[in-house]
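Report on the following structure.
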Amino acid sequence: MPKELWKGNEAIAEAAVRAGLEAYFGYPITPQTEILEYLSRRMPELGRAFVQAESELGAINMVYGAACTGVRVMSSSSSPGVSLMMEGISYIAGTEVPAVLVNVMRGGPGLGNIAPAQADYNQAVHGGGHGDYQPIVLAPASVQEAIDLMVLSFDLAEKYRSVCMVILDGSVGQMMEPAQMPEMRPVQRANWDWATDGRMGKRERRVLSSIYIEPAEEEKMNLRLLNRWRTIQANEVRYKEYFLDDAEIVIIGFGTAGRVALSAVREARAQGIKVGLLRPVTVSPFPSAVIEQLAGKVDAFLVTEMNSGQMLEDVRLAVKGRVPVEFYGRLGGVVPFPDEILNEIRRMAKSKMAVNANPRDAWLERMAAG
Amino acid sequence: MLAENVVCVRPEGFTESPTHYCPGCTHGVAHRLVAEVLQEMNVLDKTIGVAPVGCSVFAYNYFDTDFVEAPHGRAPAMATGIKRVLPDRIVFTYQGDGDLASIGMGEIVHAAARGENLTVIFVNNANFGMTGGQMAPTTLPGMKTTSSQNGRDVETQGYPIKMAEMLATLDGVGFCARRSLHDAKNIRLAKKAIRMAFETQARGLGFAMVELLSTCPTNWGMTPVNSLKFVENSMVPAYPLGDYKISEAIKQIKI
């Protein structure tokens with residue numbers, strides 16, 4: 001397939017189609033609406049299911065129903081809409097059926113705004129819905145990576161009978177870039193041994209439910225999810241590394257924040273500063289092991305996010321206080337410029353924070369000092 | 001036992017699981033009618049049920065068909081997801097009045113408006129049964145519940161919602177009727193309506209719902225017999241029985 005110019009949201013939609021998406025259920029919300037619009041014409045064209053639901057609640061429960069039949073199914077939304085979907089996500093996790101959800105994140109909390117943000121990291125990675133479950137969460141930083149991760153998301157969801165979320169900020173959804181689409185994968189209905197698709201004269205009846213009325217049974221189910229999660233942690237961590245070989249300072253950022261940081265890293269390298277970048281591609285499972293390894297050989301970390309330091313806490317857990325972890329963030333829909341991160345790198349090249357200082361407090365003090 | 005002496009057998013559509021319903025509750029009757037209809041239509045094999053949250057949350061234990069269990073009120077959305085990817089299957093939801101008329105109002109109205117080829121069995125017993133008898137949107141004016149202890153005051157707690165009448169206004173609805181389960185005659189009429197609601201789906205004629213007036217002796221604080229009388233004397237006048245929508249194509253169906 002040659003490269004074509006694709007808008008992020010439309011690329012996500014087409015990539016899902018080519019990955020064998022059989023049903024899409026969604027609701028309009030900026031800045032992801034192009035996914036819904038694109039699929040409203042593309043899915044019927046291919047004889048596949050498309051419904052514009054009455055709400056995000058409706059959409060995620062349509063996803064839940066279709067997921068129980070074993071087909072490849074997804075929804076997409078943006079931050080406030082994803083909050084509404086959290087009930088369904090918990091039920092899908094509790095029923096152990098595969099489903100994909102895209103969150104094109106915007107500024108919040110509340111209605112917030114429609115500018116790019118990464119403030120739903122905690123909601124995606126550390127829960128959101130009720131109960132004990134862990135979703136797989138992928139974080140693309142470009143249109144091409146969004147395409148590749150959409151295809152991967154269906155494979156991972158099916159492999160682990162898990163919720164797989166793809167989180168990107170509004171800028172990746174809205175930008176146009178040259179990108180290569182995968183070949184069209186024919187729709188294949190896997191003959192799952194759990195799907196409630198009607199007995200059809202061939203088997204005993206099946207029930208799919210998130211109810212375990214006996215606490216001891218629910219505990220067993222919780223442990224099953226936990227053990228599955230440990231397998232996912234062992235096998236599915238993905239990240240991109242840039243200039244890490246001789247790096248003394250390592251920046252960690254996901255999605256657009258990581259991409260902007262890469263520009264700053266390149267400029268800092270040109271100025272002779274030994275700085276590298278680690279960009280988590282799976283933010284859940286989190287690349288803790290590689291960060292722990294790096295902590296043994298680098299001088300300091302700088303976490304950059306478009307939120308108040310949500311992934312920062314996961315980095316600090318991995319670094320375990322061995323070297324300073326600093327933070328630089330923009331919030332509320334503001335995207336950092338590479339120069340802002342470059343200034344942080346140059347500052348850190350001269351003097352690093354104390355290991356036991358609080359990175360968020362130090363960042364706020366620097367902001368206040370202008 | 002001679003075959004001619006058999007007056008009651010378990011329908012093929014039932015599993016052997018005993019139900020958890022209270023003595024005198026008409027959920028069991030409603031379940032049986034659905035099971036009999038699915039058996040008579042010979043569609044048990046390709047039926048997928050969607051259970052609600054409420055007293056009938058465990059409905060999936062009793063029907064010998066595939067089943068899923070929905071979040072509170074979301075059964076019509078789940079059923080939409082199933083039916084859209086498996087249009088040749090029979091998909092039904094079984095919902096109570098808290099589930100369908102309170103928290104699930106958005107889902108039921110829009111499933112009906114889209115004309116989803118689904119069958120909805122709606123059990124109206126005028127209260128939230130599973131949580132212990134709180135006021136539902138269907139609770140009658142003046143009726144005492146654990147959350148309307150002086151009787152439902154319409155000035156502050158609003159008026160009952162008549163779902164069958166309301167959904168019948170929507171063009172996507174093929175068949176919409178209200179029946180009662182308070183005596184043998186009405187149970188027979190209810191079964192015919194349930195059959196029609198599944199025939200509507202089997203023929204792709206749009207959304208179908210049967211509202212069933214039901215008893216709740218435990219939460220009403222009545223004997224089973226008095227509960228049946230309450231349905232007849234108080235609920236039927238408030239929720240008139242009848243066919244609220246039968247599309248032209250459905251009128252042609254001969255069973």
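Residues in the structure tokens are numbered from 1 in each chain, the chains being A, B, ... in the order shown, and ligands are numbered from 1 in the order shown.
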Checklist line | Contacts of Ile103 (chain B) at 12 Å (only C-alpha atoms; same-chain gap of 5+ positions) as a count of residues only | finding: 20
Next item on the list: For region 190-203 of chain A, please output as a PyMOL selection string all residues within 7 Å (counting only C-alpha atoms; exclusion window: fewer than 6 positions along the same chain).
Entry: (chain A and resi 68-70) or (chain B and resi 45-48+66-67)
Print the selection's residues with N, CA and C atoms to a file, as a PDB file, in the first residue's frame.
```pdb
ATOM      1  N   CYS A  68     -20.437  -9.635  23.024  1.00  0.00           N
ATOM      2  CA  CYS A  68     -20.843 -10.944  23.553  1.00  0.00           C
ATOM      3  C   CYS A  68     -21.048 -11.971  22.437  1.00  0.00           C
ATOM      4  N   THR A  69     -21.282 -11.507  21.210  1.00  0.00           N
ATOM      5  CA  THR A  69     -21.445 -12.445  20.096  1.00  0.00           C
ATOM      6  C   THR A  69     -20.099 -12.807  19.476  1.00  0.00           C
ATOM      7  N   GLY A  70     -19.023 -12.133  19.905  1.00  0.00           N
ATOM      8  CA  GLY A  70     -17.687 -12.513  19.453  1.00  0.00           C
ATOM      9  C   GLY A  70     -17.179 -11.778  18.228  1.00  0.00           C
TER      10      GLY A  70
ATOM     11  N   ASP B  45     -33.595 -22.401  19.719  1.00  0.00           N
ATOM     12  CA  ASP B  45     -32.251 -22.655  19.234  1.00  0.00           C
ATOM     13  C   ASP B  45     -31.517 -21.400  18.772  1.00  0.00           C
ATOM     14  N   LYS B  46     -32.261 -20.426  18.325  1.00  0.00           N
ATOM     15  CA  LYS B  46     -31.608 -19.236  17.778  1.00  0.00           C
ATOM     16  C   LYS B  46     -31.993 -17.975  18.551  1.00  0.00           C
ATOM     17  N   THR B  47     -32.399 -18.175  19.791  1.00  0.00           N
ATOM     18  CA  THR B  47     -32.803 -17.032  20.612  1.00  0.00           C
ATOM     19  C   THR B  47     -31.685 -16.635  21.563  1.00  0.00           C
ATOM     20  N   ILE B  48     -31.502 -15.323  21.706  1.00  0.00           N
ATOM     21  CA  ILE B  48     -30.565 -14.779  22.687  1.00  0.00           C
ATOM     22  C   ILE B  48     -31.363 -13.809  23.557  1.00  0.00           C
ATOM     23  N   ASP B  66     -29.355 -19.046  24.837  1.00  0.00           N
ATOM     24  CA  ASP B  66     -28.221 -18.178  25.165  1.00  0.00           C
ATOM     25  C   ASP B  66     -28.760 -16.927  25.861  1.00  0.00           C
ATOM     26  N   PHE B  67     -27.951 -16.379  26.738  1.00  0.00           N
ATOM     27  CA  PHE B  67     -28.413 -15.215  27.498  1.00  0.00           C
ATOM     28  C   PHE B  67     -27.235 -14.322  27.846  1.00  0.00           C
TER      29      PHE B  67
END
```
Note to self: Considering only strand (DSSP E) as DSSP defines it on the backbone, what residues of region 92-278 of chain A qualify? List them as JSON, numbers by chain.
What the structure shows: {"A": [99, 100, 101, 102, 103, 104, 105, 136, 137, 138, 163, 164, 165, 166, 167, 168, 169, 176, 177, 178, 179, 180, 207, 208, 239, 240, 241, 242, 249, 250, 251, 252, 275, 276, 277, 278]}
Dump of C-alpha atoms for the selected residues, as a compact mmCIF listing (two decimals), in the first residue's frame:
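Result written to again13.txt:
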```txt
# COMPACT_ATOMS: atom_id res chain seq x y z
CA ALA A 99 -13.92 -4.66 22.91
CA VAL A 100 -12.02 -1.64 21.62
CA LEU A 101 -12.63 1.96 22.70
CA VAL A 102 -10.90 5.03 21.26
CA ASN A 103 -10.64 8.17 23.42
CA VAL A 104 -9.61 11.29 21.49
CA MET A 105 -8.90 13.31 24.63
CA ILE A 136 -4.87 -2.49 27.93
CA VAL A 137 -4.18 1.13 26.90
CA LEU A 138 -2.30 2.15 23.76
CA VAL A 163 -10.98 -4.07 27.03
CA CYS A 164 -8.39 -2.34 24.86
CA MET A 165 -8.41 1.45 24.84
CA VAL A 166 -6.57 3.63 22.35
CA ILE A 167 -5.99 7.07 23.86
CA LEU A 168 -4.76 9.97 21.78
CA ASP A 169 -5.14 13.67 22.20
CA MET A 176 -3.24 15.15 8.56
CA GLU A 177 -0.09 13.14 7.84
CA PRO A 178 1.17 10.78 5.18
CA ALA A 179 0.47 7.25 6.35
CA GLN A 180 0.21 3.72 5.05
CA VAL A 207 -24.58 -17.23 29.45
CA LEU A 208 -22.40 -14.12 29.58
CA TYR A 239 7.67 1.61 23.89
CA LYS A 240 9.86 3.65 21.55
CA GLU A 241 13.31 4.81 22.54
CA TYR A 242 15.34 7.63 21.03
CA ILE A 249 18.95 12.80 31.00
CA VAL A 250 15.91 10.78 29.84
CA ILE A 251 12.61 12.37 28.97
CA ILE A 252 9.50 10.26 29.31
CA VAL A 275 19.51 13.59 26.41
CA GLY A 276 17.23 10.80 25.19
CA LEU A 277 13.54 10.00 25.04
CA LEU A 278 11.47 7.04 26.15
```
Note to self: Taking only C-alpha atoms into account, name the residue in B:Leu241, B:Phe14, B:Met135, B:Val68 that is nearest to Tyr91 (chain A).
What the structure shows: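 Among the listed residues, the smallest separation from Tyr91 (chain A) belongs to B:Val68.
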Next item on the list: Would you kindly return, as a PyMOL selection string, each protein, DNA or RNA residue with an atom no farther than 8 Å from any atom of Leu21 (chain A), considering only C-alpha atoms and excluding same-chain residues fewer than 3 positions away?
Entry: chain A and resi 16-18+24+71-74+187
How about saving the chosen residues, C-alpha atoms kept, as an mmCIF file, in the first residue's frame?
```
data_model
loop_
_atom_site.group_PDB
_atom_site.id
_atom_site.type_symbol
_atom_site.label_atom_id
_atom_site.label_comp_id
_atom_site.auth_asym_id
_atom_site.auth_seq_id
_atom_site.Cartn_x
_atom_site.Cartn_y
_atom_site.Cartn_z
ATOM 1 C CA ALA A 16 -10.398 -0.450 12.199
ATOM 2 C CA VAL A 17 -12.377 -1.392 9.090
ATOM 3 C CA ARG A 18 -9.309 -3.048 7.604
ATOM 4 C CA TYR A 24 -19.411 0.363 15.313
ATOM 5 C CA VAL A 71 -17.419 -10.022 16.576
ATOM 6 C CA ARG A 72 -14.833 -7.253 16.305
ATOM 7 C CA VAL A 73 -16.588 -4.194 17.685
ATOM 8 C CA MET A 74 -15.608 -0.722 18.825
ATOM 9 C CA VAL A 187 -14.038 -10.420 8.251
#
```
Next item on the list: Would you give me, as a PyMOL selection string, the residues of chain B that come within 10 Å of chain A, using only C-alpha atoms?
Entry: chain B and resi 15+43-51+57-58+60-61+63-86+88-91+104+106-111+114
Go ahead and write the residues just picked, C-alpha atoms, as a tab-separated table (two decimals), in the first residue's frame.
```
chain	number	residue	atom	x	y	z
B	15	THR	CA	-33.92	-25.08	32.28
B	43	VAL	CA	-36.88	-20.66	17.83
B	44	LEU	CA	-35.28	-21.62	21.18
B	45	ASP	CA	-32.25	-22.65	19.23
B	46	LYS	CA	-31.61	-19.24	17.78
B	47	THR	CA	-32.80	-17.03	20.61
B	48	ILE	CA	-30.57	-14.78	22.69
B	49	GLY	CA	-32.13	-13.23	25.77
B	50	VAL	CA	-31.02	-10.08	27.57
B	51	ALA	CA	-31.65	-10.02	31.31
B	57	VAL	CA	-31.73	-10.24	37.00
B	58	PHE	CA	-31.35	-14.04	37.12
B	60	TYR	CA	-30.68	-16.12	32.40
B	61	ASN	CA	-30.79	-19.09	34.77
B	63	PHE	CA	-34.50	-19.99	29.92
B	64	ASP	CA	-32.84	-22.71	27.89
B	65	THR	CA	-31.39	-20.21	25.42
B	66	ASP	CA	-28.22	-18.18	25.16
B	67	PHE	CA	-28.41	-15.21	27.50
B	68	VAL	CA	-26.50	-12.09	28.47
B	69	GLU	CA	-27.01	-9.89	31.51
B	70	ALA	CA	-27.17	-6.13	30.94
B	71	PRO	CA	-26.30	-3.16	33.14
B	72	HIS	CA	-29.36	-1.53	34.76
B	73	GLY	CA	-31.62	-0.15	32.05
B	74	ARG	CA	-29.28	-0.88	29.16
B	75	ALA	CA	-30.84	-4.11	27.90
B	76	PRO	CA	-32.33	-2.52	24.74
B	77	ALA	CA	-28.87	-1.15	23.81
B	78	MET	CA	-27.21	-4.52	24.38
B	79	ALA	CA	-29.96	-6.21	22.41
B	80	THR	CA	-29.42	-3.70	19.60
B	81	GLY	CA	-25.73	-4.62	19.50
B	82	ILE	CA	-26.54	-8.33	19.31
B	83	LYS	CA	-29.33	-8.06	16.75
B	84	ARG	CA	-27.39	-5.76	14.43
B	85	VAL	CA	-24.58	-8.30	14.04
B	86	LEU	CA	-26.85	-11.38	14.15
B	88	ASP	CA	-31.29	-13.79	11.83
B	89	ARG	CA	-31.45	-14.55	15.55
B	90	ILE	CA	-34.39	-13.85	17.87
B	91	VAL	CA	-33.32	-11.32	20.50
B	104	GLY	CA	-33.38	2.82	31.02
B	106	GLY	CA	-33.30	6.60	27.01
B	107	GLU	CA	-32.36	3.16	25.78
B	108	ILE	CA	-35.94	1.85	25.40
B	109	VAL	CA	-37.28	4.96	23.66
B	110	HIS	CA	-34.46	5.06	21.13
B	111	ALA	CA	-34.48	1.31	20.45
B	114	ARG	CA	-35.01	3.14	15.52
```
